[in-house]
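So this one's model.pdb, PDB, C-alpha atoms:
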```pdb
ATOM      1  CA  MET A   1      -4.482   6.616  14.376
ATOM      2  CA  LYS A   2      -4.314   2.913  15.127
ATOM      3  CA  PRO A   3      -2.897   0.064  13.080
ATOM      4  CA  PRO A   4      -5.043  -2.774  11.755
ATOM      5  CA  ALA A   5      -5.107  -5.975  13.798
ATOM      6  CA  PHE A   6      -2.147  -8.310  13.366
ATOM      7  CA  ALA A   7      -0.609 -11.373  14.992
ATOM      8  CA  TYR A   8       2.624 -10.686  16.861
ATOM      9  CA  HIS A   9       5.636 -13.016  16.948
ATOM     10  CA  ALA A  10       8.955 -12.496  18.740
ATOM     11  CA  PRO A  11      11.214 -15.455  17.911
ATOM     12  CA  ARG A  12      14.154 -16.187  20.189
ATOM     13  CA  SER A  13      16.472 -17.554  17.510
ATOM     14  CA  LEU A  14      17.271 -16.845  13.894
ATOM     15  CA  GLU A  15      16.162 -20.338  12.929
ATOM     16  CA  ALA A  16      12.778 -19.838  14.583
ATOM     17  CA  GLY A  17      12.396 -16.480  12.876
ATOM     18  CA  LEU A  18      13.185 -17.918   9.455
ATOM     19  CA  ASP A  19      10.717 -20.761  10.013
ATOM     20  CA  LEU A  20       8.029 -18.202  10.866
ATOM     21  CA  LEU A  21       8.757 -16.140   7.774
ATOM     22  CA  ALA A  22       8.701 -19.268   5.604
ATOM     23  CA  ASP A  23       5.272 -20.205   6.982
ATOM     24  CA  LEU A  24       3.795 -16.698   6.833
ATOM     25  CA  GLY A  25       5.142 -15.646   3.425
ATOM     26  CA  ASP A  26       3.518 -12.492   2.057
ATOM     27  CA  ASP A  27       1.404 -12.111   5.203
ATOM     28  CA  ALA A  28       4.365 -11.082   7.384
ATOM     29  CA  LYS A  29       6.350  -7.910   7.964
ATOM     30  CA  VAL A  30       9.585  -7.822   9.942
ATOM     31  CA  LEU A  31       9.791  -5.346  12.822
ATOM     32  CA  ALA A  32      13.295  -4.113  13.646
ATOM     33  CA  GLY A  33      13.529  -0.433  14.641
ATOM     34  CA  GLY A  34      10.011   0.270  13.417
ATOM     35  CA  GLN A  35      10.692   3.910  12.557
ATOM     36  CA  SER A  36       9.244   3.465   9.056
ATOM     37  CA  LEU A  37       6.959   0.478   9.540
ATOM     38  CA  VAL A  38       5.021   1.700  12.578
ATOM     39  CA  PRO A  39       3.930   5.010  10.980
ATOM     40  CA  MET A  40       2.873   3.108   7.866
ATOM     41  CA  LEU A  41       0.836   0.730  10.027
ATOM     42  CA  ASN A  42      -0.787   3.610  11.877
ATOM     43  CA  MET A  43      -1.721   5.318   8.612
ATOM     44  CA  ARG A  44      -2.922   1.947   7.286
ATOM     45  CA  LEU A  45      -0.663   2.129   4.287
ATOM     46  CA  VAL A  46       0.262  -1.500   5.017
ATOM     47  CA  ALA A  47      -1.845  -4.153   6.707
ATOM     48  CA  PRO A  48       0.177  -7.338   7.313
ATOM     49  CA  ALA A  49      -1.503 -10.279   8.994
ATOM     50  CA  ALA A  50       1.555 -10.734  11.236
ATOM     51  CA  LEU A  51       4.609  -8.911  12.554
ATOM     52  CA  VAL A  52       7.830 -10.791  13.248
ATOM     53  CA  ASP A  53       9.829  -8.823  15.835
ATOM     54  CA  ILE A  54      13.572  -9.568  15.620
ATOM     55  CA  ARG A  55      14.587  -7.697  18.803
ATOM     56  CA  HIS A  56      15.659 -10.923  20.537
ATOM     57  CA  LEU A  57      17.984 -12.020  17.732
ATOM     58  CA  ASP A  58      21.229 -10.839  19.303
ATOM     59  CA  ASP A  59      23.399 -12.322  16.544
ATOM     60  CA  LEU A  60      21.981  -9.640  14.226
ATOM     61  CA  ASP A  61      23.050  -6.803  16.530
ATOM     62  CA  ARG A  62      26.669  -6.712  15.404
ATOM     63  CA  ILE A  63      28.846  -4.212  13.580
ATOM     64  CA  GLU A  64      32.132  -5.656  12.359
ATOM     65  CA  VAL A  65      35.091  -4.387  10.352
ATOM     66  CA  ALA A  66      37.319  -7.176   9.090
ATOM     67  CA  ASP A  67      39.062  -8.232   5.884
ATOM     68  CA  ALA A  68      38.306  -4.868   4.243
ATOM     69  CA  VAL A  69      34.562  -5.344   4.755
ATOM     70  CA  VAL A  70      32.182  -3.398   6.984
ATOM     71  CA  ARG A  71      29.369  -5.730   8.056
ATOM     72  CA  VAL A  72      26.237  -4.218   9.611
ATOM     73  CA  GLY A  73      23.740  -6.554  11.252
ATOM     74  CA  ALA A  74      19.994  -6.152  10.861
ATOM     75  CA  ARG A  75      19.459  -4.928  14.429
ATOM     76  CA  ALA A  76      22.270  -2.354  14.451
ATOM     77  CA  THR A  77      20.845   1.135  14.789
ATOM     78  CA  HIS A  78      21.807   4.198  12.784
ATOM     79  CA  ALA A  79      23.143   5.831  15.946
ATOM     80  CA  ARG A  80      25.483   2.951  16.815
ATOM     81  CA  LEU A  81      26.820   2.809  13.293
ATOM     82  CA  GLU A  82      27.242   6.584  13.146
ATOM     83  CA  ARG A  83      29.278   6.605  16.378
ATOM     84  CA  ASP A  84      31.527   3.677  15.438
ATOM     85  CA  ASP A  85      35.001   5.111  14.846
ATOM     86  CA  GLU A  86      36.319   1.921  13.226
ATOM     87  CA  VAL A  87      33.524   2.056  10.649
ATOM     88  CA  ALA A  88      34.142   5.761  10.040
ATOM     89  CA  ALA A  89      37.832   5.092   9.392
ATOM     90  CA  ALA A  90      37.063   2.331   6.890
ATOM     91  CA  LEU A  91      34.090   4.028   5.252
ATOM     92  CA  PRO A  92      33.693   7.742   6.052
ATOM     93  CA  LEU A  93      30.648   8.067   3.788
ATOM     94  CA  LEU A  94      28.518   5.998   6.167
ATOM     95  CA  ARG A  95      28.985   8.404   9.071
ATOM     96  CA  GLU A  96      28.446  11.398   6.809
ATOM     97  CA  ALA A  97      25.249   9.966   5.312
ATOM     98  CA  LEU A  98      23.844   8.803   8.642
ATOM     99  CA  GLY A  99      24.198  12.311  10.048
ATOM    100  CA  LEU A 100      21.646  13.422   7.461
ATOM    101  CA  VAL A 101      19.070  10.743   8.324
ATOM    102  CA  ALA A 102      16.048  12.233  10.106
ATOM    103  CA  HIS A 103      16.775  13.270  13.721
ATOM    104  CA  PRO A 104      18.724  11.739  16.641
ATOM    105  CA  VAL A 105      15.618  10.228  18.242
ATOM    106  CA  ILE A 106      14.900   8.372  14.993
ATOM    107  CA  ARG A 107      18.512   7.292  14.571
ATOM    108  CA  ASN A 108      18.517   5.906  18.108
ATOM    109  CA  ARG A 109      15.860   3.338  17.142
ATOM    110  CA  GLY A 110      15.931   3.050  13.369
ATOM    111  CA  THR A 111      18.076   0.328  11.826
ATOM    112  CA  THR A 112      20.318   0.788   8.814
ATOM    113  CA  VAL A 113      19.453  -2.538   7.195
ATOM    114  CA  GLY A 114      15.754  -1.847   7.751
ATOM    115  CA  ALA A 115      16.044   1.558   6.104
ATOM    116  CA  VAL A 116      17.708   0.018   3.066
ATOM    117  CA  VAL A 117      15.030  -2.667   2.722
ATOM    118  CA  HIS A 118      12.349   0.039   3.114
ATOM    119  CA  ALA A 119      13.836   1.450  -0.111
ATOM    120  CA  ASP A 120      12.494   4.968   0.127
ATOM    121  CA  PRO A 121      13.699   6.725  -3.033
ATOM    122  CA  ALA A 122      14.313   9.960  -1.108
ATOM    123  CA  SER A 123      16.474   8.236   1.510
ATOM    124  CA  GLU A 124      20.238   8.586   1.729
ATOM    125  CA  LEU A 125      21.123   4.985   2.606
ATOM    126  CA  PRO A 126      19.832   3.197  -0.507
ATOM    127  CA  ALA A 127      21.912   5.608  -2.596
ATOM    128  CA  VAL A 128      24.999   4.815  -0.498
ATOM    129  CA  VAL A 129      24.403   1.072  -0.954
ATOM    130  CA  ALA A 130      24.002   1.550  -4.710
ATOM    131  CA  LEU A 131      27.082   3.754  -4.991
ATOM    132  CA  LEU A 132      29.415   1.505  -3.021
ATOM    133  CA  ASP A 133      28.150  -1.822  -4.413
ATOM    134  CA  ALA A 134      27.334  -3.089  -0.941
ATOM    135  CA  ASP A 135      25.835  -6.557  -0.576
ATOM    136  CA  LEU A 136      22.377  -6.877   0.923
ATOM    137  CA  VAL A 137      22.448 -10.265   2.672
ATOM    138  CA  LEU A 138      19.088 -12.051   2.514
ATOM    139  CA  THR A 139      18.578 -15.209   4.566
ATOM    140  CA  SER A 140      15.802 -17.785   4.437
ATOM    141  CA  THR A 141      15.270 -21.442   5.267
ATOM    142  CA  ALA A 142      16.626 -22.155   1.764
ATOM    143  CA  GLY A 143      19.959 -20.456   2.499
ATOM    144  CA  VAL A 144      21.707 -17.110   2.005
ATOM    145  CA  ARG A 145      21.332 -14.860  -1.028
ATOM    146  CA  ARG A 146      23.350 -11.705  -1.722
ATOM    147  CA  VAL A 147      22.125  -8.847  -3.865
ATOM    148  CA  ARG A 148      24.693  -6.234  -4.831
ATOM    149  CA  GLY A 149      24.405  -2.476  -5.054
ATOM    150  CA  ALA A 150      21.627  -0.970  -7.153
ATOM    151  CA  ASP A 151      20.166  -4.439  -7.807
ATOM    152  CA  ALA A 152      18.855  -4.360  -4.233
ATOM    153  CA  PHE A 153      16.130  -1.924  -5.366
ATOM    154  CA  VAL A 154      13.382  -2.798  -7.822
ATOM    155  CA  GLY A 155      10.960   0.114  -7.418
ATOM    156  CA  PRO A 156       9.725   2.854  -5.069
ATOM    157  CA  LEU A 157       9.539   1.376  -1.552
ATOM    158  CA  GLU A 158      10.371  -2.030  -3.020
ATOM    159  CA  SER A 159      13.603  -3.923  -2.440
ATOM    160  CA  ALA A 160      14.771  -7.261  -3.790
ATOM    161  CA  LEU A 161      13.634  -8.973  -0.566
ATOM    162  CA  ARG A 162      11.408 -11.977  -1.306
ATOM    163  CA  PRO A 163       8.630 -13.493   0.850
ATOM    164  CA  GLY A 164      10.158 -15.743   3.490
ATOM    165  CA  GLU A 165      13.480 -13.879   3.506
ATOM    166  CA  LEU A 166      15.011 -11.818   6.280
ATOM    167  CA  ALA A 167      17.538  -9.099   5.495
ATOM    168  CA  THR A 168      20.200 -10.106   7.986
ATOM    169  CA  ALA A 169      23.082  -7.762   7.094
ATOM    170  CA  LEU A 170      24.715  -5.255   4.812
ATOM    171  CA  GLU A 171      28.321  -5.792   3.729
ATOM    172  CA  PHE A 172      30.230  -2.752   2.452
ATOM    173  CA  PRO A 173      33.682  -2.941   0.871
ATOM    174  CA  ALA A 174      36.020  -0.639   2.779
ATOM    175  CA  LEU A 175      37.355   2.391   0.918
ATOM    176  CA  PRO A 176      40.790   1.762  -0.669
ATOM    177  CA  PRO A 177      43.667   4.272  -0.656
ATOM    178  CA  ARG A 178      43.308   7.280  -2.984
ATOM    179  CA  ALA A 179      39.507   7.013  -2.975
ATOM    180  CA  GLY A 180      37.246   9.773  -1.702
ATOM    181  CA  THR A 181      33.526  10.062  -1.043
ATOM    182  CA  ALA A 182      31.046  12.798  -0.236
ATOM    183  CA  ILE A 183      27.308  13.314   0.025
ATOM    184  CA  GLU A 184      25.267  16.450  -0.579
ATOM    185  CA  GLU A 185      21.542  17.079  -0.268
ATOM    186  CA  LEU A 186      19.042  19.893   0.087
ATOM    187  CA  ALA A 187      15.995  19.583   2.326
ATOM    188  CA  ARG A 188      13.534  22.219   3.466
ATOM    189  CA  ARG A 189      14.513  21.504   7.075
ATOM    190  CA  HIS A 190      17.332  19.442   8.512
ATOM    191  CA  GLY A 191      16.098  15.887   8.920
ATOM    192  CA  ASP A 192      13.411  16.141   6.257
ATOM    193  CA  TYR A 193      13.617  14.021   3.143
ATOM    194  CA  ALA A 194      15.803  15.676   0.556
ATOM    195  CA  LEU A 195      14.351  17.484  -2.432
ATOM    196  CA  ALA A 196      17.409  16.085  -4.194
ATOM    197  CA  GLY A 197      20.675  14.558  -3.117
ATOM    198  CA  VAL A 198      23.749  12.778  -4.401
ATOM    199  CA  ALA A 199      26.506  10.564  -3.020
ATOM    200  CA  VAL A 200      29.734  10.301  -4.990
ATOM    201  CA  ARG A 201      32.958   8.333  -5.042
ATOM    202  CA  VAL A 202      36.099   9.261  -6.944
ATOM    203  CA  ASP A 203      39.433   7.485  -7.238
ATOM    204  CA  VAL A 204      42.662   9.269  -8.129
ATOM    205  CA  ASP A 205      45.975   7.958  -9.406
ATOM    206  CA  ALA A 206      49.344   8.427  -7.737
ATOM    207  CA  ASP A 207      49.729  11.841  -9.402
ATOM    208  CA  GLY A 208      46.400  13.121  -8.081
ATOM    209  CA  HIS A 209      44.507  12.861 -11.380
ATOM    210  CA  LEU A 210      40.995  11.446 -11.465
ATOM    211  CA  ASP A 211      40.745   7.837 -12.554
ATOM    212  CA  THR A 212      37.100   6.874 -11.863
ATOM    213  CA  ALA A 213      34.026   8.723 -10.672
ATOM    214  CA  ARG A 214      30.511   7.533  -9.820
ATOM    215  CA  ALA A 215      27.437   9.271  -8.462
ATOM    216  CA  ALA A 216      24.227   7.927  -6.940
ATOM    217  CA  PHE A 217      21.299  10.357  -6.889
ATOM    218  CA  PHE A 218      18.357  10.160  -4.513
ATOM    219  CA  GLY A 219      15.108  12.111  -4.320
ATOM    220  CA  VAL A 220      15.006  12.487  -8.104
ATOM    221  CA  GLY A 221      13.273   9.256  -9.128
ATOM    222  CA  GLY A 222      11.688   6.044  -7.915
ATOM    223  CA  MET A 223      15.027   4.385  -7.090
ATOM    224  CA  PRO A 224      18.639   5.421  -6.543
ATOM    225  CA  PHE A 225      20.072   6.457  -9.903
ATOM    226  CA  VAL A 226      23.745   5.569 -10.426
ATOM    227  CA  ILE A 227      25.824   7.130 -13.180
ATOM    228  CA  THR A 228      29.487   6.681 -14.080
ATOM    229  CA  LEU A 229      31.301   9.895 -14.979
ATOM    230  CA  ASP A 230      34.712   8.566 -15.973
ATOM    231  CA  GLY A 231      34.407   9.880 -19.518
ATOM    232  CA  PRO A 232      34.279  13.613 -18.798
ATOM    233  CA  LEU A 233      36.500  13.438 -15.694
ATOM    234  CA  ARG A 234      39.280  10.885 -16.188
ATOM    235  CA  GLY A 235      42.714  12.447 -16.247
ATOM    236  CA  GLN A 236      41.684  15.776 -14.752
ATOM    237  CA  PRO A 237      43.798  17.103 -11.846
ATOM    238  CA  SER A 238      41.842  16.691  -8.625
ATOM    239  CA  ASP A 239      42.616  20.268  -7.545
ATOM    240  CA  ALA A 240      41.501  21.923 -10.802
ATOM    241  CA  LEU A 241      38.372  20.105 -11.967
ATOM    242  CA  ASP A 242      36.310  21.268 -14.901
ATOM    243  CA  LEU A 243      32.909  19.777 -14.079
ATOM    244  CA  THR A 244      30.841  21.377 -16.827
ATOM    245  CA  ASP A 245      30.573  18.254 -18.990
ATOM    246  CA  ALA A 246      30.068  15.887 -16.050
ATOM    247  CA  VAL A 247      27.257  17.984 -14.599
ATOM    248  CA  GLY A 248      25.653  18.355 -18.013
ATOM    249  CA  GLU A 249      25.836  14.606 -18.630
ATOM    250  CA  ALA A 250      24.239  13.847 -15.270
ATOM    251  CA  ARG A 251      21.440  16.376 -15.722
ATOM    252  CA  ALA A 252      20.646  14.964 -19.155
ATOM    253  CA  ALA A 253      20.382  11.449 -17.714
ATOM    254  CA  LEU A 254      18.038  12.366 -14.853
ATOM    255  CA  ASP A 255      14.264  12.178 -15.291
ATOM    256  CA  PRO A 256      12.676  13.537 -12.091
ATOM    257  CA  ASP A 257       8.940  14.097 -11.611
ATOM    258  CA  ASP A 258       7.024  17.181 -10.593
ATOM    259  CA  ASP A 259       5.367  17.036  -7.181
ATOM    260  CA  ILE A 260       4.042  19.406  -4.521
ATOM    261  CA  HIS A 261       7.561  20.024  -3.195
ATOM    262  CA  ALA A 262       9.468  20.884  -6.380
ATOM    263  CA  THR A 263       9.252  20.901 -10.149
ATOM    264  CA  ALA A 264      11.194  18.432 -12.251
ATOM    265  CA  SER A 265      13.293  21.224 -13.769
ATOM    266  CA  TYR A 266      14.220  22.552 -10.331
ATOM    267  CA  ARG A 267      15.225  19.085  -9.129
ATOM    268  CA  ARG A 268      17.349  18.532 -12.242
ATOM    269  CA  HIS A 269      19.113  21.863 -11.753
ATOM    270  CA  LEU A 270      19.580  21.229  -8.029
ATOM    271  CA  ALA A 271      20.993  17.759  -8.668
ATOM    272  CA  GLY A 272      23.701  19.294 -10.847
ATOM    273  CA  VAL A 273      24.629  21.890  -8.236
ATOM    274  CA  LEU A 274      24.879  19.222  -5.534
ATOM    275  CA  LEU A 275      26.889  16.946  -7.810
ATOM    276  CA  GLU A 276      29.474  19.638  -8.416
ATOM    277  CA  ARG A 277      29.876  20.278  -4.687
ATOM    278  CA  ALA A 278      30.141  16.581  -3.870
ATOM    279  CA  LEU A 279      32.660  15.845  -6.625
ATOM    280  CA  ARG A 280      34.966  18.644  -5.498
ATOM    281  CA  ARG A 281      34.882  17.467  -1.891
ATOM    282  CA  ALA A 282      35.357  13.812  -2.808
ATOM    283  CA  ALA A 283      38.279  14.616  -5.110
ATOM    284  CA  SER A 284      39.923  16.672  -2.395
ATOM    285  CA  ARG A 285      39.565  13.803   0.068
ATOM    286  CA  ALA A 286      40.871  11.245  -2.422
ATOM    287  CA  ALA A 287      43.983  13.339  -2.970
ATOM    288  CA  GLY A 288      44.473  13.735   0.783
ATOM    289  CA  ARG A 289      43.780  17.449   0.961
ATOM    290  CA  GLU A 290      40.653  17.061   3.096
ATOM    291  CA  VAL A 291      39.908  14.497   5.776
ATOM    292  CA  GLY A 292      36.509  12.789   5.414
ATOM    293  CA  THR A 293      34.002  13.117   8.244
TER     294      THR A 293
END
```

Translate this structure into structure tokens?
Amino acid sequence: MKPPAFAYHAPRSLEAGLDLLADLGDDAKVLAGGQSLVPMLNMRLVAPAALVDIRHLDDLDRIEVADAVVRVGARATHARLERDDEVAAALPLLREALGLVAHPVIRNRGTTVGAVVHADPASELPAVVALLDADLVLTSTAGVRRVRGADAFVGPLESALRPGELATALEFPALPPRAGTAIEELARRHGDYALAGVAVRVDVDADGHLDTARAAFFGVGGMPFVITLDGPLRGQPSDALDLTDAVGEARAALDPDDDIHATASYRRHLAGVLLERALRRAASRAAGREVGT
């Protein structure tokens, strides 16, 4: 299959790129890694009048860890981020989640910021952004705008990005002491989109009892679904969790759809199973009994 005709632009500076996007508005799509956009073009699911290729914008090809923030530029690939040991030390969940994204050949070209802006509801990375309250940094000729966490997603395959804006970075707060994260999913084959998945974060106090717990589900609705589970979990010892109420509360809050891959009831049940696994692993990591990957 071939894409529809489009004009092609490859600006050599961020300023030139932003000027192009301001002029083109709704008619433009940004090309970074292209691992989602190009297939959609070929299947004619999108038909932009112009593509703005950001491959020459070297300032966007940075990964930085400083001042308790992990900053990922728009051109940084999944593979580079996954291999970065400094990032993994500050935020183990990123490496763990990226290892579940598609296959190595896709991760070698696909960009993390691009995947978040693509906002596929079955994708791991939007759920991680929602869970960790990461900032999506959106830049235009009018200035810089930051959208935090779940607010970055407004519908299936729809982010908060506005016409004329370029998603230039993601900024994640580094994980503090006594916090643990984990991600669990089930797919028919490794690298496929998950039938259901969940990323979780728990924080424990100095005695190893749970203080806070959050979960972000993916593959069970049109956007990442974030739920706070402090009520049923606060005060429980991290090595002897009773998750019955937390799992029940999460299942009751989920509203998945039936499709050709799974029924809604199966997805709801699966989400609870995955949540239990993820919470136990995250609690163990928060208490220092298991090292995050």

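Between A:Arg178 and the residues A:Ala66, A:Leu60, A:Leu210, A:Val154, the shortest atom-to-atom distance, using all atoms listed in the file, involves A:Leu210.
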
Need the shell around A:Ile183: protein/DNA/RNA residues with any atom at most 9 Å away, counting all atoms listed in the file. Skip same-chain ones fewer than 3 positions apart. Format as JSON, numbers by chain?
{"A": [93, 96, 97, 124, 128, 197, 198, 199, 200, 274, 275, 277, 278, 279, 281, 282]}

Atom-to-atom span, atom CA of A:Val72 and atom CA of A:Ala119, Å
16.7 Å

Run through the PyMOL selection byres ((chain A and resi 261) around 12) on the given coordinates and return the selected residues as a ChimeraX atom specification.
/A:186-188,192-196,219-220,257-260,262-264,266-267

Enumerate, as an NGL selection string, the residues matched when the PyMOL selection byres ((chain A and resi 254) around 12) is run on the file above.
:A and (196 or 198 or 215-227 or 247-253 or 255-257 or 264-272)

Report as a ChimeraX atom specification the full result of the PyMOL selection byres ((chain A and resi 126) around 9) when it is applied to this structure.
/A:115-125,127-131,149-150,152-153,218,223-224

Would you kindly return, as a VMD selection string, each protein, DNA or RNA residue with an atom no farther than 9 Å from any atom of A:Arg55, considering all atoms listed in the file and excluding same-chain residues fewer than 4 positions away?
chain A and resid 10 to 12 31 to 33 60 to 61 75

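Taking atom CA of A:Ala68 as the reference point, atom CA of A:Ala160 is found at 25.0 Å.
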
Skip A:Arg44 itself and residues of its chain fewer than 4 positions away, then list as a ChimeraX atom specification all residues within 8 Å of it, counting all atoms listed in the file.
/A:3-4,40

List as an MDAnalysis selection string: which residues have an atom within 8 Å of (28.8, 11.5, 12.9), counting all atoms listed in the file?
chainID A and resid 82:83 95:96 98:99 293

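When all atoms listed in the file are used to measure the gap to A:Val30, the shortest distance among A:Val101, A:Leu81, A:Met1, A:Leu161 belongs to A:Leu161.
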
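Neighbouring residues of stretch 203-206 of chain A at 9 Å or closer, counting only C-alpha atoms and skipping chain neighbours under 2 positions away, are Pro176, Pro177, Arg178, Ala179, Gly180, Thr181, Arg201, Gly208, His209, Leu210, Asp211, Thr212, Ala213, Arg234, Gly235, Pro237, Ser238, Ala282, Ala283, Ala286 and Ala287 of chain A.
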
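With all atoms listed in the file as the basis for measurement, A:Glu171 is the residue among A:Glu171, A:Asp230, A:Glu86, A:Asp245 that approaches A:Thr112 most closely.
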
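Closest approach to A:Phe6 among A:Ala89, A:Leu57, A:Val137, A:Ala47 is made by A:Ala47 (distances from all atoms listed in the file).
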
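Shortest separation to A:Val273 among A:Gln236, A:Glu184, A:Lys29, A:Gln35 occurs at residue A:Glu184, atoms counted being all atoms listed in the file.
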
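Note that the spacing between atom CA of A:Thr228 and atom CA of A:Leu175 amounts to 17.5 Å.
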
Restricting the calculation to only C-alpha atoms: of A:Lys2, A:Arg280, A:His56, A:Arg71, which residue gets closest to A:Phe172?
A:Arg71

Nearby residues (only C-alpha atoms) at most 9 Å from stretch 163-167 of chain A, same-chain spacing under 5 positions excluded, as a ChimeraX atom specification
/A:17-28,30,73-74,113-114,117,136-141,144

Hey, could you patch up stretch 19-43 of chain A with N, CA and C atoms and hand it over as a PDB file, keeping the file's coordinate frame?
```
ATOM      1  N   ASP A  19      11.835 -19.819  10.152  1.00  0.00           N
ATOM      2  CA  ASP A  19      10.717 -20.761  10.013  1.00  0.00           C
ATOM      3  C   ASP A  19       9.386 -20.011   9.986  1.00  0.00           C
ATOM      4  N   LEU A  20       9.251 -19.009  10.852  1.00  0.00           N
ATOM      5  CA  LEU A  20       8.029 -18.202  10.866  1.00  0.00           C
ATOM      6  C   LEU A  20       7.823 -17.494   9.532  1.00  0.00           C
ATOM      7  N   LEU A  21       8.870 -16.868   9.032  1.00  0.00           N
ATOM      8  CA  LEU A  21       8.757 -16.140   7.774  1.00  0.00           C
ATOM      9  C   LEU A  21       8.447 -17.080   6.616  1.00  0.00           C
ATOM     10  N   ALA A  22       9.004 -18.294   6.650  1.00  0.00           N
ATOM     11  CA  ALA A  22       8.701 -19.268   5.604  1.00  0.00           C
ATOM     12  C   ALA A  22       7.235 -19.668   5.650  1.00  0.00           C
ATOM     13  N   ASP A  23       6.687 -19.814   6.841  1.00  0.00           N
ATOM     14  CA  ASP A  23       5.272 -20.205   6.982  1.00  0.00           C
ATOM     15  C   ASP A  23       4.326 -19.065   6.627  1.00  0.00           C
ATOM     16  N   LEU A  24       4.702 -17.834   7.002  1.00  0.00           N
ATOM     17  CA  LEU A  24       3.795 -16.698   6.833  1.00  0.00           C
ATOM     18  C   LEU A  24       3.854 -16.092   5.434  1.00  0.00           C
ATOM     19  N   GLY A  25       5.015 -16.161   4.785  1.00  0.00           N
ATOM     20  CA  GLY A  25       5.142 -15.646   3.425  1.00  0.00           C
ATOM     21  C   GLY A  25       4.769 -14.181   3.308  1.00  0.00           C
ATOM     22  N   ASP A  26       3.928 -13.874   2.331  1.00  0.00           N
ATOM     23  CA  ASP A  26       3.518 -12.492   2.057  1.00  0.00           C
ATOM     24  C   ASP A  26       2.749 -11.851   3.203  1.00  0.00           C
ATOM     25  N   ASP A  27       2.246 -12.651   4.130  1.00  0.00           N
ATOM     26  CA  ASP A  27       1.404 -12.111   5.203  1.00  0.00           C
ATOM     27  C   ASP A  27       2.206 -11.459   6.321  1.00  0.00           C
ATOM     28  N   ALA A  28       3.536 -11.547   6.269  1.00  0.00           N
ATOM     29  CA  ALA A  28       4.365 -11.082   7.384  1.00  0.00           C
ATOM     30  C   ALA A  28       5.175  -9.854   7.018  1.00  0.00           C
ATOM     31  N   LYS A  29       5.388  -9.003   8.036  1.00  0.00           N
ATOM     32  CA  LYS A  29       6.350  -7.910   7.964  1.00  0.00           C
ATOM     33  C   LYS A  29       7.308  -8.055   9.123  1.00  0.00           C
ATOM     34  N   VAL A  30       8.573  -7.740   8.886  1.00  0.00           N
ATOM     35  CA  VAL A  30       9.585  -7.822   9.942  1.00  0.00           C
ATOM     36  C   VAL A  30       9.659  -6.485  10.669  1.00  0.00           C
ATOM     37  N   LEU A  31       9.667  -6.533  11.978  1.00  0.00           N
ATOM     38  CA  LEU A  31       9.791  -5.346  12.822  1.00  0.00           C
ATOM     39  C   LEU A  31      11.193  -5.322  13.417  1.00  0.00           C
ATOM     40  N   ALA A  32      11.963  -4.300  13.068  1.00  0.00           N
ATOM     41  CA  ALA A  32      13.295  -4.113  13.646  1.00  0.00           C
ATOM     42  C   ALA A  32      13.253  -2.841  14.485  1.00  0.00           C
ATOM     43  N   GLY A  33      13.659  -1.693  13.910  1.00  0.00           N
ATOM     44  CA  GLY A  33      13.529  -0.433  14.641  1.00  0.00           C
ATOM     45  C   GLY A  33      12.118   0.118  14.606  1.00  0.00           C
ATOM     46  N   GLY A  34      11.411  -0.153  13.514  1.00  0.00           N
ATOM     47  CA  GLY A  34      10.011   0.270  13.417  1.00  0.00           C
ATOM     48  C   GLY A  34       9.794   1.724  13.071  1.00  0.00           C
ATOM     49  N   GLN A  35      10.855   2.470  12.769  1.00  0.00           N
ATOM     50  CA  GLN A  35      10.692   3.910  12.557  1.00  0.00           C
ATOM     51  C   GLN A  35      10.023   4.232  11.220  1.00  0.00           C
ATOM     52  N   SER A  36      10.007   3.306  10.293  1.00  0.00           N
ATOM     53  CA  SER A  36       9.244   3.465   9.056  1.00  0.00           C
ATOM     54  C   SER A  36       7.973   2.618   9.081  1.00  0.00           C
ATOM     55  N   LEU A  37       8.092   1.395   9.575  1.00  0.00           N
ATOM     56  CA  LEU A  37       6.959   0.478   9.540  1.00  0.00           C
ATOM     57  C   LEU A  37       5.806   0.925  10.431  1.00  0.00           C
ATOM     58  N   VAL A  38       6.100   1.348  11.647  1.00  0.00           N
ATOM     59  CA  VAL A  38       5.021   1.700  12.578  1.00  0.00           C
ATOM     60  C   VAL A  38       4.173   2.870  12.061  1.00  0.00           C
ATOM     61  N   PRO A  39       4.777   3.958  11.564  1.00  0.00           N
ATOM     62  CA  PRO A  39       3.930   5.010  10.980  1.00  0.00           C
ATOM     63  C   PRO A  39       3.087   4.510   9.813  1.00  0.00           C
ATOM     64  N   MET A  40       3.644   3.636   8.985  1.00  0.00           N
ATOM     65  CA  MET A  40       2.873   3.108   7.866  1.00  0.00           C
ATOM     66  C   MET A  40       1.716   2.242   8.348  1.00  0.00           C
ATOM     67  N   LEU A  41       1.931   1.498   9.421  1.00  0.00           N
ATOM     68  CA  LEU A  41       0.836   0.730  10.027  1.00  0.00           C
ATOM     69  C   LEU A  41      -0.246   1.660  10.563  1.00  0.00           C
ATOM     70  N   ASN A  42       0.186   2.694  11.273  1.00  0.00           N
ATOM     71  CA  ASN A  42      -0.787   3.610  11.877  1.00  0.00           C
ATOM     72  C   ASN A  42      -1.610   4.355  10.826  1.00  0.00           C
ATOM     73  N   MET A  43      -0.995   4.657   9.693  1.00  0.00           N
ATOM     74  CA  MET A  43      -1.721   5.318   8.612  1.00  0.00           C
ATOM     75  C   MET A  43      -2.430   4.321   7.694  1.00  0.00           C
TER      76      MET A  43
END
```
